[in-house]
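protein.tsv (TSV, C-alpha atoms)
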chain	number	residue	atom	x	y	z
A	32	MET	CA	64.76	70.04	68.04
A	33	ASP	CA	67.77	68.05	66.90
A	34	VAL	CA	70.34	70.47	68.34
A	35	GLN	CA	73.31	68.93	66.54
A	36	SER	CA	71.67	69.18	63.11
A	37	TYR	CA	70.44	72.68	63.86
A	38	MET	CA	73.86	73.91	64.94
A	39	HIS	CA	75.69	72.32	62.03
A	40	GLY	CA	73.20	73.95	59.67
A	41	ILE	CA	74.00	77.31	61.26
A	42	GLY	CA	77.71	76.57	60.97
A	43	ARG	CA	77.53	75.71	57.27
A	44	ALA	CA	75.52	78.86	56.56
A	45	ALA	CA	78.01	80.96	58.53
A	46	ARG	CA	80.99	79.53	56.67
A	47	THR	CA	79.36	80.33	53.31
A	48	ALA	CA	78.43	83.83	54.50
A	49	SER	CA	81.96	84.43	55.80
A	50	ARG	CA	83.35	84.06	52.28
A	51	GLU	CA	80.91	86.66	51.01
A	52	MET	CA	81.72	88.98	53.91
A	53	ALA	CA	85.47	88.66	53.27
A	54	ARG	CA	85.01	90.22	49.83
A	55	ALA	CA	82.24	92.68	50.77
A	56	GLU	CA	82.97	96.31	49.97
A	57	THR	CA	83.33	98.80	52.78
A	58	ARG	CA	80.36	100.84	51.56
A	59	ALA	CA	78.08	97.79	51.74
A	60	LYS	CA	79.20	96.97	55.28
A	61	ASP	CA	78.75	100.58	56.37
A	62	ALA	CA	75.33	100.76	54.73
A	63	ALA	CA	74.27	97.68	56.67
A	64	LEU	CA	75.48	99.16	59.96
A	65	LEU	CA	73.63	102.42	59.38
A	66	ALA	CA	70.46	100.56	58.43
A	67	ILE	CA	70.71	98.44	61.59
A	68	ALA	CA	71.14	101.60	63.68
A	69	ASP	CA	68.04	103.13	62.09
A	70	ALA	CA	66.06	99.95	62.77
A	71	VAL	CA	67.19	99.85	66.41
A	72	GLU	CA	66.03	103.43	66.94
A	73	ARG	CA	62.75	102.85	65.12
A	74	GLU	CA	62.05	99.67	67.07
A	75	ALA	CA	63.22	101.05	70.43
A	76	ASN	CA	59.86	100.50	72.12
A	77	ARG	CA	59.70	96.91	70.89
A	78	LEU	CA	63.23	96.26	72.17
A	79	LEU	CA	62.38	97.76	75.57
A	80	ASP	CA	59.14	95.77	75.83
A	81	ALA	CA	60.97	92.54	75.00
A	82	ASN	CA	63.67	93.44	77.53
A	83	ALA	CA	61.08	94.19	80.21
A	84	GLU	CA	59.67	90.68	79.74
A	85	ASP	CA	63.15	89.21	80.03
A	86	VAL	CA	63.89	91.22	83.19
A	87	ALA	CA	60.57	90.23	84.79
A	88	GLN	CA	61.27	86.56	84.16
A	89	ALA	CA	64.82	86.92	85.45
A	90	ARG	CA	63.58	88.49	88.69
A	91	ALA	CA	60.99	85.73	89.07
A	92	LYS	CA	63.79	83.17	88.76
A	93	GLY	CA	65.78	84.94	91.46
A	94	LEU	CA	68.76	86.02	89.36
A	95	GLU	CA	71.33	88.05	91.31
A	96	ASP	CA	71.32	91.84	91.17
A	97	ALA	CA	74.54	92.05	89.13
A	98	MET	CA	72.98	89.86	86.42
A	99	ILE	CA	69.76	91.93	86.43
A	100	ASP	CA	71.84	95.09	86.07
A	101	ARG	CA	73.64	93.71	83.01
A	102	LEU	CA	70.37	92.47	81.52
A	103	THR	CA	68.40	95.71	81.83
A	104	LEU	CA	68.08	98.11	78.89
A	105	SER	CA	66.90	101.73	79.11
A	106	PRO	CA	65.97	104.27	76.43
A	107	LYS	CA	69.47	105.70	76.90
A	108	SER	CA	71.21	102.35	76.41
A	109	VAL	CA	69.14	101.63	73.27
A	110	SER	CA	70.19	105.03	71.93
A	111	GLN	CA	73.81	104.20	72.80
A	112	MET	CA	73.42	100.89	70.96
A	113	ALA	CA	72.44	102.76	67.79
A	114	GLN	CA	75.24	105.28	68.35
A	115	GLY	CA	77.75	102.45	68.69
A	116	LEU	CA	76.62	100.97	65.36
A	117	ARG	CA	77.07	104.33	63.64
A	118	GLU	CA	80.49	104.81	65.21
A	119	VAL	CA	81.64	101.41	63.95
A	120	ALA	CA	80.45	102.44	60.48
A	121	GLN	CA	82.71	105.50	60.71
A	122	LEU	CA	85.80	103.48	61.66
A	123	VAL	CA	88.44	102.78	59.05
A	124	ASP	CA	87.89	99.38	57.46
A	125	PRO	CA	91.00	97.35	58.31
A	126	ILE	CA	90.37	94.58	55.76
A	127	GLY	CA	92.78	94.49	52.84
A	128	GLU	CA	95.22	96.95	54.40
A	129	ILE	CA	98.81	96.09	53.42
A	130	THR	CA	101.56	97.19	55.79
A	131	ASP	CA	105.35	96.82	56.03
A	132	LEU	CA	105.72	96.35	52.27
A	133	ARG	CA	109.44	96.17	51.59
A	134	TYR	CA	111.73	95.19	48.74
A	135	ARG	CA	113.92	92.20	49.35
A	136	PRO	CA	117.37	91.81	47.74
A	137	THR	CA	115.83	89.38	45.24
A	138	GLY	CA	113.51	92.13	43.94
A	139	ILE	CA	110.27	90.78	45.40
A	140	GLN	CA	108.18	92.91	47.76
A	141	VAL	CA	107.00	91.32	51.01
A	142	GLY	CA	104.27	92.79	53.19
A	143	ARG	CA	101.40	91.83	55.45
A	144	MET	CA	97.69	92.09	54.67
A	145	ARG	CA	94.94	92.32	57.27
A	146	VAL	CA	92.20	89.72	56.73
A	147	PRO	CA	89.09	88.51	58.61
A	148	LEU	CA	89.31	85.61	61.02
A	149	GLY	CA	86.32	83.95	59.33
A	150	VAL	CA	83.50	82.70	61.57
A	151	ILE	CA	83.36	83.93	65.15
A	152	GLY	CA	81.21	82.23	67.77
A	153	ILE	CA	80.22	84.50	70.64
A	154	ILE	CA	78.70	83.10	73.83
A	155	TYR	CA	77.43	85.63	76.35
A	156	GLU	CA	75.17	86.07	79.34
A	157	ALA	CA	72.65	88.76	80.16
A	158	ARG	CA	73.89	91.75	78.17
A	159	PRO	CA	71.56	92.20	75.16
A	160	ASN	CA	73.66	95.12	73.87
A	161	VAL	CA	76.37	92.52	73.08
A	162	THR	CA	74.11	91.28	70.27
A	163	ALA	CA	74.36	94.64	68.50
A	164	ASP	CA	78.00	95.31	69.40
A	165	ALA	CA	79.18	91.87	68.31
A	166	ALA	CA	77.17	91.99	65.09
A	167	ALA	CA	78.62	95.41	64.26
A	168	LEU	CA	82.25	94.53	64.87
A	169	CYS	CA	82.09	91.16	63.13
A	170	LEU	CA	80.28	92.70	60.16
A	171	LYS	CA	82.70	95.62	59.74
A	172	SER	CA	85.74	93.32	60.07
A	173	GLY	CA	84.40	91.05	57.31
A	174	ASN	CA	83.55	88.11	59.54
A	175	ALA	CA	80.43	86.03	60.01
A	176	ALA	CA	79.09	85.70	63.55
A	177	ILE	CA	77.17	83.03	65.43
A	178	LEU	CA	75.74	84.60	68.58
A	179	ARG	CA	74.53	82.55	71.51
A	180	GLY	CA	73.04	84.87	74.14
A	181	GLY	CA	71.85	83.74	77.54
A	182	SER	CA	68.36	82.34	77.92
A	183	GLU	CA	67.54	85.22	80.27
A	184	ALA	CA	67.75	87.67	77.33
A	185	ILE	CA	66.21	85.53	74.59
A	186	ARG	CA	63.31	87.87	73.72
A	187	CYS	CA	65.40	91.02	73.49
A	188	ASN	CA	68.20	89.29	71.60
A	189	GLN	CA	65.74	88.05	68.99
A	190	ALA	CA	64.28	91.54	68.64
A	191	ILE	CA	67.76	92.98	68.08
A	192	ALA	CA	68.55	90.17	65.64
A	193	ALA	CA	65.53	91.17	63.57
A	194	CYS	CA	66.98	94.68	63.25
A	195	VAL	CA	70.36	93.23	62.25
A	196	HIS	CA	68.86	91.04	59.54
A	197	GLU	CA	66.85	93.98	58.21
A	198	GLY	CA	70.05	96.00	57.85
A	199	LEU	CA	71.94	93.17	56.16
A	200	ARG	CA	69.18	92.63	53.63
A	201	ALA	CA	68.97	96.36	52.90
A	202	ALA	CA	72.70	96.40	52.07
A	203	GLY	CA	72.59	93.25	49.94
A	204	LEU	CA	74.65	91.20	52.38
A	205	PRO	CA	73.82	87.64	53.48
A	206	ALA	CA	71.51	87.36	56.46
A	207	ALA	CA	73.55	84.39	57.64
A	208	ALA	CA	76.47	86.74	58.27
A	209	VAL	CA	74.94	87.25	61.73
A	210	GLN	CA	72.94	84.40	63.22
A	211	VAL	CA	71.46	84.43	66.72
A	212	ILE	CA	70.86	80.92	68.05
A	213	GLU	CA	67.16	80.54	68.75
A	214	THR	CA	67.25	77.59	71.13
A	215	THR	CA	67.98	77.99	74.84
A	216	ASP	CA	69.13	74.36	75.04
A	217	ARG	CA	72.59	74.34	76.61
A	218	ALA	CA	73.60	71.55	74.26
A	219	ALA	CA	73.85	74.24	71.57
A	220	VAL	CA	76.90	75.69	73.36
A	221	GLY	CA	78.56	72.29	73.48
A	222	GLU	CA	78.09	71.95	69.73
A	223	LEU	CA	79.24	75.48	68.94
A	224	ILE	CA	82.57	75.17	70.74
A	225	THR	CA	83.46	71.93	68.95
A	226	MET	CA	82.45	72.82	65.36
A	227	LYS	CA	86.02	73.43	64.22
A	228	ASP	CA	85.09	72.83	60.57
A	229	TYR	CA	82.83	75.88	60.66
A	230	VAL	CA	84.00	78.18	63.48
A	231	ASP	CA	87.44	79.83	63.71
A	232	VAL	CA	87.34	81.62	67.08
A	233	ILE	CA	85.15	81.49	70.20
A	234	VAL	CA	84.60	84.58	72.36
A	235	PRO	CA	82.86	83.90	75.72
A	236	ARG	CA	81.43	86.82	77.68
A	237	GLY	CA	79.93	86.19	81.08
A	238	GLY	CA	80.66	84.84	84.51
A	239	LYS	CA	83.79	82.98	85.50
A	240	GLY	CA	81.98	79.63	85.47
A	241	LEU	CA	80.89	80.05	81.86
A	242	ILE	CA	84.33	81.15	80.68
A	243	GLU	CA	86.13	78.36	82.55
A	244	ARG	CA	83.79	75.81	80.97
A	245	ILE	CA	84.27	77.21	77.47
A	246	SER	CA	88.05	77.38	77.87
A	247	ALA	CA	88.23	73.79	79.13
A	248	GLU	CA	85.89	72.21	76.58
A	249	SER	CA	86.41	74.24	73.41
A	250	ARG	CA	88.22	72.62	70.50
A	251	ILE	CA	88.47	76.06	68.91
A	252	PRO	CA	90.81	78.95	69.96
A	253	VAL	CA	89.23	81.16	72.65
A	254	ILE	CA	89.60	84.93	73.24
A	255	LYS	CA	88.69	85.53	76.88
A	256	HIS	CA	89.20	86.90	80.34
A	257	LEU	CA	88.25	85.01	83.50
A	258	ASP	CA	88.14	87.65	86.25
A	259	GLY	CA	88.07	91.40	86.58
A	260	ILE	CA	89.98	91.83	89.83
A	261	CYS	CA	90.91	95.45	89.22
A	262	HIS	CA	93.01	97.65	91.51
A	263	VAL	CA	93.59	101.33	92.17
A	264	TYR	CA	96.83	102.22	93.96
A	265	ILE	CA	96.97	105.62	95.68
A	266	ASP	CA	100.61	106.65	95.90
A	267	ASP	CA	101.96	108.90	98.67
A	268	GLU	CA	102.66	111.52	95.98
A	269	ALA	CA	99.07	111.48	94.74
A	270	ASP	CA	96.84	114.54	94.60
A	271	ALA	CA	94.36	113.67	97.37
A	272	ASP	CA	91.36	115.19	95.58
A	273	LYS	CA	92.16	113.26	92.40
A	274	ALA	CA	92.66	110.09	94.40
A	275	VAL	CA	89.28	110.32	96.11
A	276	ARG	CA	87.53	111.12	92.83
A	277	VAL	CA	89.16	108.24	90.95
A	278	ALA	CA	88.70	105.67	93.74
A	279	ASP	CA	85.05	106.65	94.17
A	280	ASN	CA	84.27	106.37	90.46
A	281	ALA	CA	86.24	103.16	89.95
A	282	LYS	CA	84.09	101.40	92.55
A	283	THR	CA	80.68	103.06	92.59
A	284	GLN	CA	79.99	104.21	89.02
A	285	ARG	CA	78.72	100.68	88.38
A	286	TYR	CA	79.16	97.58	90.50
A	287	GLY	CA	78.49	94.68	88.14
A	288	THR	CA	81.13	95.26	85.47
A	289	CYS	CA	84.48	93.57	84.90
A	290	ASN	CA	86.39	96.88	85.01
A	291	THR	CA	85.07	97.91	88.43
A	292	MET	CA	87.73	98.28	91.15
A	293	GLU	CA	87.60	95.42	93.66
A	294	THR	CA	90.71	96.22	95.73
A	295	LEU	CA	92.01	99.64	96.78
A	296	LEU	CA	95.70	99.87	97.68
A	297	VAL	CA	96.83	102.93	99.63
A	298	HIS	CA	100.34	104.07	100.57
A	299	GLY	CA	100.65	104.24	104.35
A	300	ASP	CA	101.82	107.87	104.34
A	301	ILE	CA	98.64	109.15	102.65
A	302	ALA	CA	96.10	106.81	104.23
A	303	GLN	CA	95.00	109.27	106.93
A	304	ARG	CA	94.22	111.87	104.24
A	305	VAL	CA	92.28	109.78	101.74
A	306	LEU	CA	90.68	106.88	103.61
A	307	PRO	CA	88.35	108.86	105.93
A	308	PRO	CA	86.70	110.84	103.08
A	309	LEU	CA	86.53	107.71	100.95
A	310	ALA	CA	85.01	105.70	103.80
A	311	LYS	CA	82.28	108.32	104.16
A	312	ILE	CA	81.54	108.28	100.42
A	313	TYR	CA	81.44	104.50	100.35
A	314	GLY	CA	79.32	104.39	103.49
A	315	ASP	CA	76.81	106.84	102.06
A	316	LYS	CA	76.54	104.66	98.95
A	317	GLY	CA	76.15	101.42	100.89
A	318	VAL	CA	79.53	99.89	100.03
A	319	GLU	CA	80.79	97.29	102.52
A	320	LEU	CA	84.49	97.75	103.31
A	321	ARG	CA	86.89	94.95	104.19
A	322	GLY	CA	90.36	96.00	105.25
A	323	CYS	CA	93.74	94.77	106.39
A	324	ASP	CA	94.78	95.45	109.99
A	325	ARG	CA	96.50	98.71	109.05
A	326	ALA	CA	93.47	99.95	107.13
A	327	ARG	CA	91.16	99.04	110.01
A	328	ALA	CA	93.35	101.05	112.34
A	329	VAL	CA	92.43	104.11	110.25
A	330	ILE	CA	88.78	103.11	109.69
A	331	PRO	CA	87.79	100.84	112.61
A	332	ALA	CA	84.30	100.22	111.20
A	333	MET	CA	85.77	98.13	108.37
A	334	LYS	CA	85.31	94.38	108.48
A	335	PRO	CA	88.56	92.38	108.50
A	336	ALA	CA	89.71	91.26	105.06
A	337	THR	CA	90.70	87.64	104.52
A	338	GLU	CA	93.23	86.20	102.09
A	339	GLU	CA	90.33	85.15	99.89
A	340	ASP	CA	89.15	88.77	99.60
A	341	TRP	CA	92.26	89.75	97.65
A	342	TYR	CA	91.39	87.10	95.05
A	343	THR	CA	87.67	87.99	94.83
A	344	GLU	CA	85.78	89.75	92.05
A	345	TYR	CA	82.75	90.92	94.03
A	346	LEU	CA	80.63	92.45	91.24
A	347	ALA	CA	78.78	94.01	94.17
A	348	PRO	CA	79.04	96.98	96.59
A	349	ILE	CA	81.93	95.39	98.50
A	350	LEU	CA	85.51	96.68	98.46
A	351	SER	CA	88.70	95.32	99.97
A	352	ILE	CA	91.33	97.84	101.13
A	353	ARG	CA	94.98	97.29	101.88
A	354	ILE	CA	97.63	99.73	103.10
A	355	VAL	CA	101.04	99.12	101.53
A	356	ASP	CA	104.50	100.55	102.10
A	357	GLY	CA	105.14	101.78	98.58
A	358	LEU	CA	105.12	101.19	94.84
A	359	ASN	CA	107.04	97.90	95.01
A	360	ALA	CA	104.51	96.42	97.43
A	361	ALA	CA	101.59	97.68	95.33
A	362	ILE	CA	102.97	96.14	92.14
A	363	GLU	CA	103.73	92.90	93.96
A	364	HIS	CA	100.17	92.74	95.31
A	365	ILE	CA	98.62	93.42	91.88
A	366	ASN	CA	100.78	90.89	90.06
A	367	THR	CA	100.06	88.29	92.78
A	368	TYR	CA	96.31	88.70	93.25
A	369	GLY	CA	95.17	90.49	90.09
A	370	SER	CA	93.61	89.00	86.98
A	371	GLN	CA	95.63	90.97	84.40
A	372	HIS	CA	92.56	92.98	83.49
A	373	THR	CA	92.79	96.68	84.50
A	374	ASP	CA	94.83	98.44	87.17
A	375	ALA	CA	95.44	102.11	87.92
A	376	ILE	CA	97.86	104.31	89.87
A	377	VAL	CA	97.08	107.77	91.22
A	378	THR	CA	100.29	109.76	91.54
A	379	GLU	CA	101.93	113.03	90.54
A	380	ASN	CA	105.32	111.31	90.35
A	381	TYR	CA	106.10	110.74	86.66
A	382	THR	CA	108.85	108.21	87.31
A	383	ARG	CA	106.60	106.06	89.48
A	384	ALA	CA	103.81	106.29	86.94
A	385	ARG	CA	106.14	105.01	84.22
A	386	ARG	CA	107.28	102.14	86.43
A	387	PHE	CA	103.68	101.19	87.15
A	388	LEU	CA	102.84	101.20	83.44
A	389	ARG	CA	105.86	99.06	82.63
A	390	GLU	CA	105.74	96.56	85.48
A	391	VAL	CA	102.04	95.87	86.10
A	392	ASP	CA	101.22	92.89	83.88
A	393	SER	CA	97.64	93.75	82.89
A	394	SER	CA	95.82	94.30	79.62
A	395	SER	CA	95.02	97.92	80.57
A	396	VAL	CA	97.18	100.01	82.90
A	397	MET	CA	96.19	103.56	83.81
A	398	VAL	CA	97.58	106.70	85.43
A	399	ASN	CA	95.24	109.08	87.28
A	400	ALA	CA	92.12	107.61	85.66
A	401	SER	CA	89.28	105.35	86.76
A	402	THR	CA	89.45	101.67	85.81
A	403	ARG	CA	85.92	102.11	84.43
A	404	PHE	CA	87.49	103.56	81.24
A	405	ALA	CA	88.66	100.06	80.21
A	406	ASP	CA	86.04	99.72	77.53
A	407	GLY	CA	86.03	99.56	73.73
A	408	PHE	CA	83.69	102.55	73.41
A	409	GLU	CA	85.84	104.69	75.71
A	410	TYR	CA	89.01	103.61	73.87
A	411	GLY	CA	87.59	104.80	70.55
A	412	LEU	CA	87.05	101.30	69.16
A	413	GLY	CA	83.36	102.09	68.55
A	414	ALA	CA	82.36	99.03	70.54
A	415	GLU	CA	84.00	95.91	71.87
A	416	ILE	CA	83.36	92.24	71.50
A	417	GLY	CA	84.92	91.56	74.87
A	418	ILE	CA	88.10	92.07	76.86
A	419	SER	CA	91.01	89.71	76.52
A	420	THR	CA	93.60	89.11	79.22
A	421	ASP	CA	95.43	86.62	77.02
A	422	LYS	CA	98.83	87.62	75.66
A	423	LEU	CA	98.55	86.13	72.20
A	424	HIS	CA	96.60	87.67	69.31
A	425	ALA	CA	94.37	90.19	71.12
A	426	ARG	CA	94.78	91.86	74.52
A	427	GLY	CA	92.50	94.34	76.26
A	428	PRO	CA	89.21	95.52	74.70
A	429	VAL	CA	88.77	93.60	71.44
A	430	GLY	CA	87.64	95.82	68.58
A	431	LEU	CA	88.01	95.55	64.83
A	432	GLU	CA	91.71	94.70	64.69
A	433	GLY	CA	91.27	92.00	67.32
A	434	LEU	CA	88.84	90.25	64.96
A	435	THR	CA	91.36	90.14	62.13
A	436	SER	CA	94.59	88.36	61.35
A	437	LEU	CA	97.59	89.09	59.16
A	438	LYS	CA	98.89	87.09	56.24
A	439	PHE	CA	102.08	87.62	54.26
A	440	VAL	CA	101.74	88.88	50.71
A	441	VAL	CA	104.49	88.75	48.11
A	442	LEU	CA	104.54	90.94	44.98
A	443	GLY	CA	106.78	89.93	42.12
A	444	ASP	CA	107.15	90.35	38.36
A	445	GLY	CA	108.11	86.90	37.18
A	446	HIS	CA	110.65	86.48	39.95
A	447	VAL	CA	112.03	82.99	40.59
A	448	ARG	CA	114.26	81.80	43.38
A	449	GLY	CA	117.82	81.06	42.45
Written as structure tokens, that's how I'd like the structure from this file.
Amino acid sequence: MDVQSYMHGIGRAARTASREMARAETRAKDAALLAIADAVEREANRLLDANAEDVAQARAKGLEDAMIDRLTLSPKSVSQMAQGLREVAQLVDPIGEITDLRYRPTGIQVGRMRVPLGVIGIIYEARPNVTADAAALCLKSGNAAILRGGSEAIRCNQAIAACVHEGLRAAGLPAAAVQVIETTDRAAVGELITMKDYVDVIVPRGGKGLIERISAESRIPVIKHLDGICHVYIDDEADADKAVRVADNAKTQRYGTCNTMETLLVHGDIAQRVLPPLAKIYGDKGVELRGCDRARAVIPAMKPATEEDWYTEYLAPILSIRIVDGLNAAIEHINTYGSQHTDAIVTENYTRARRFLREVDSSSVMVNASTRFADGFEYGLGAEIGISTDKLHARGPVGLEGLTSLKFVVLGDGHVRG
């Protein structure tokens, strides 16, 4: 295959489709989403069979457990995929919305209209559900999408793509509005991230190595996050039962996700109350603990934590624990070692909670809730195309509005400037 010619053909088709999608009616987009959801449910066994082949090959190649976890589909996750498509269909269509329309002294009205970004290139590893989520969000927001999934999920991604194309055809929308790259040749990624004549935004989803490469080499704007070094801080005015529940869930509900807690910070005055029960829970679940000297004085079985541990996203049953003297120290630690992804405080002190929300510089900041809630589905976005820790354009879980832009509109009646 001539990868360059292939990719430029996909790009041209996507650019043409994006113009059709920009003017597509809401009812057509929603009809496509519902038809895709029906196809996903109808073809569930085929999707699971394709996924099982992908997982078997991934295991044979020795892929790490976190990657296998992200790759694996279940009947429940296929059902959730269809549910996510239907929920996106129910969301308000943002395209064409005019806001802040105001009269100026000259008599003209000036406002802002929400419009699609155009063509969005999405590069992702392992997670086949991203194929459906990305297609849904790009479709509803009037964009065209070029999806490049990892080679480890090629069979399942193609099976999902068939469902997407069926839904687009049923609604009278162009099949090229969502294209899944069929080649596993890595040169396709290099082409995609430099096709600035055809692609408007790149969204990488995957490991730090992938995202660093895309960010360094792309000639197209990138929406991204590099690490998910997420923290929970247990304040001395926390409810101990809440603290244990939140810290348990934030780490053990799932290990291989970017919103999983990697460092637990505990106020020194409450450490004796919460660390022993947490250590037992973590021990029973096979979580390796690495602590500072003060934490190891409370739980001697902990391994010593190194400076590198505070910077590490484990994506595994490993947790670093640090005892701090108070809120100032906790915020300082998070802003020094964190990745601006998701951080939480457990406290009953309203003033401290407000300070934490204001001063922790992350895309999601939480009070008395598990970091695992940092997710487009949980935030009511229907699905997410990724999480952004950038500060421009989109931040946090990227849903429909994150895939749009605003342009100024001016309404006049023969007005001329004097």
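Closest approach to Ala208 in chain A among A:Gly357, A:Gly417, A:Pro106, A:Gly173: A:Gly173, based on all atoms listed in the file.
Here the question is which of A:Ile362, A:Ile251, A:Val447, A:Ala113 gets nearest to Val71 in chain A using all atoms listed in the file, and that residue is A:Ala113.
CA of Tyr264 in chain A is found 12.8 Å from CA of Lys282 in chain A.
Proximity of A:Ala81, A:Ile41, A:Ala175, A:Ala53 to Ala219 in chain A, computed with all atoms listed in the file, is greatest for A:Ile41.
When only C-alpha atoms are used to measure the gap to Ser49 in chain A, the shortest distance among A:Asp392, A:Asp100, A:Asp231, A:Asp164 belongs to A:Asp231.
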Interatomic distance, CA of Arg244 in chain A to CA of Lys227 in chain A (Å, one decimal): 17.1 Å
Residues near Val297 in chain A, cut-off 9 Å, all atoms listed in the file, skip fewer than 4 positions along chain, as a ChimeraX atom specification: /A:263-267,301-302,305-306,326,352-357,361
Would you save the residues from that selection as a PDB file, in the coordinates of the input, using C-alpha atoms?
ATOM      1  CA  VAL A 263      93.590 101.330  92.170  1.00  0.00           C
ATOM      2  CA  TYR A 264      96.830 102.220  93.960  1.00  0.00           C
ATOM      3  CA  ILE A 265      96.970 105.620  95.680  1.00  0.00           C
ATOM      4  CA  ASP A 266     100.610 106.650  95.900  1.00  0.00           C
ATOM      5  CA  ASP A 267     101.960 108.900  98.670  1.00  0.00           C
ATOM      6  CA  ILE A 301      98.640 109.150 102.650  1.00  0.00           C
ATOM      7  CA  ALA A 302      96.100 106.810 104.230  1.00  0.00           C
ATOM      8  CA  VAL A 305      92.280 109.780 101.740  1.00  0.00           C
ATOM      9  CA  LEU A 306      90.680 106.880 103.610  1.00  0.00           C
ATOM     10  CA  ALA A 326      93.470  99.950 107.130  1.00  0.00           C
ATOM     11  CA  ILE A 352      91.330  97.840 101.130  1.00  0.00           C
ATOM     12  CA  ARG A 353      94.980  97.290 101.880  1.00  0.00           C
ATOM     13  CA  ILE A 354      97.630  99.730 103.100  1.00  0.00           C
ATOM     14  CA  VAL A 355     101.040  99.120 101.530  1.00  0.00           C
ATOM     15  CA  ASP A 356     104.500 100.550 102.100  1.00  0.00           C
ATOM     16  CA  GLY A 357     105.140 101.780  98.580  1.00  0.00           C
ATOM     17  CA  ALA A 361     101.590  97.680  95.330  1.00  0.00           C
TER      18      ALA A 361
END
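Picture a line from CA of Ser370 in chain A to CA of Tyr345 in chain A; it runs 13.1 Å.
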Top pick for closest residue to Val275 in chain A, considering A:Ala176, A:Val150, A:Val377, A:Ile365 and counting only C-alpha atoms: A:Val377
All residues 7 Å or closer to Thr420 in chain A, only C-alpha atoms, same chain fewer than 3 positions away omitted, as a ChimeraX atom specification: /A:255-256,371-372,394,426-427
Could you please take those selected residues and save C-alpha atoms as a short mmCIF file (atom, residue, chain, number, x, y, z; two decimals), keeping the file's coordinate frame?
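This is the output file again-v5.cif:
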data_model
loop_
_atom_site.label_atom_id
_atom_site.label_comp_id
_atom_site.auth_asym_id
_atom_site.auth_seq_id
_atom_site.Cartn_x
_atom_site.Cartn_y
_atom_site.Cartn_z
CA LYS A 255 88.69 85.53 76.88
CA HIS A 256 89.20 86.90 80.34
CA GLN A 371 95.63 90.97 84.40
CA HIS A 372 92.56 92.98 83.49
CA SER A 394 95.82 94.30 79.62
CA ARG A 426 94.78 91.86 74.52
CA GLY A 427 92.50 94.34 76.26
#
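Distances here use all atoms listed in the file; by that measure, the residue among A:Arg448, A:Lys438, A:Arg186, A:Asp272 closest to Met144 in chain A is A:Lys438.
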Shell of 10 Å around Asn160 in chain A, all atoms listed in the file, local chain residues under 5 positions omitted, as a PyMOL selection string: chain A and resi 101-104+108-109+111-113+115+165-166+187-188+191
Contact residues around range 384-390 of chain A with only C-alpha atoms at 10 Å, ignoring same-chain residues under 5 positions, as a VMD selection string: chain A and resid 264 266 358 to 359 361 to 363 366 374 to 379 395 to 399
All residues 12 Å or closer to Ala157 in chain A, all atoms listed in the file, same chain fewer than 4 positions away omitted, as a ChimeraX atom specification: /A:82,85-86,89,94-104,161-162,179-188,236-238,287-288
Taking (93.4, 89.5, 54.6) in the file's coordinates as the center, which residues reach within 8 Å of it, counting all atoms listed in the file, put as a short mmCIF file (atom, residue, chain, number, x, y, z; two decimals) with C-alpha atoms, in the coordinates of the input?
data_model
loop_
_atom_site.label_atom_id
_atom_site.label_comp_id
_atom_site.auth_asym_id
_atom_site.auth_seq_id
_atom_site.Cartn_x
_atom_site.Cartn_y
_atom_site.Cartn_z
CA ILE A 126 90.37 94.58 55.76
CA GLY A 127 92.78 94.49 52.84
CA GLU A 128 95.22 96.95 54.40
CA MET A 144 97.69 92.09 54.67
CA ARG A 145 94.94 92.32 57.27
CA VAL A 146 92.20 89.72 56.73
CA PRO A 147 89.09 88.51 58.61
CA THR A 435 91.36 90.14 62.13
CA SER A 436 94.59 88.36 61.35
CA LEU A 437 97.59 89.09 59.16
CA LYS A 438 98.89 87.09 56.24
#
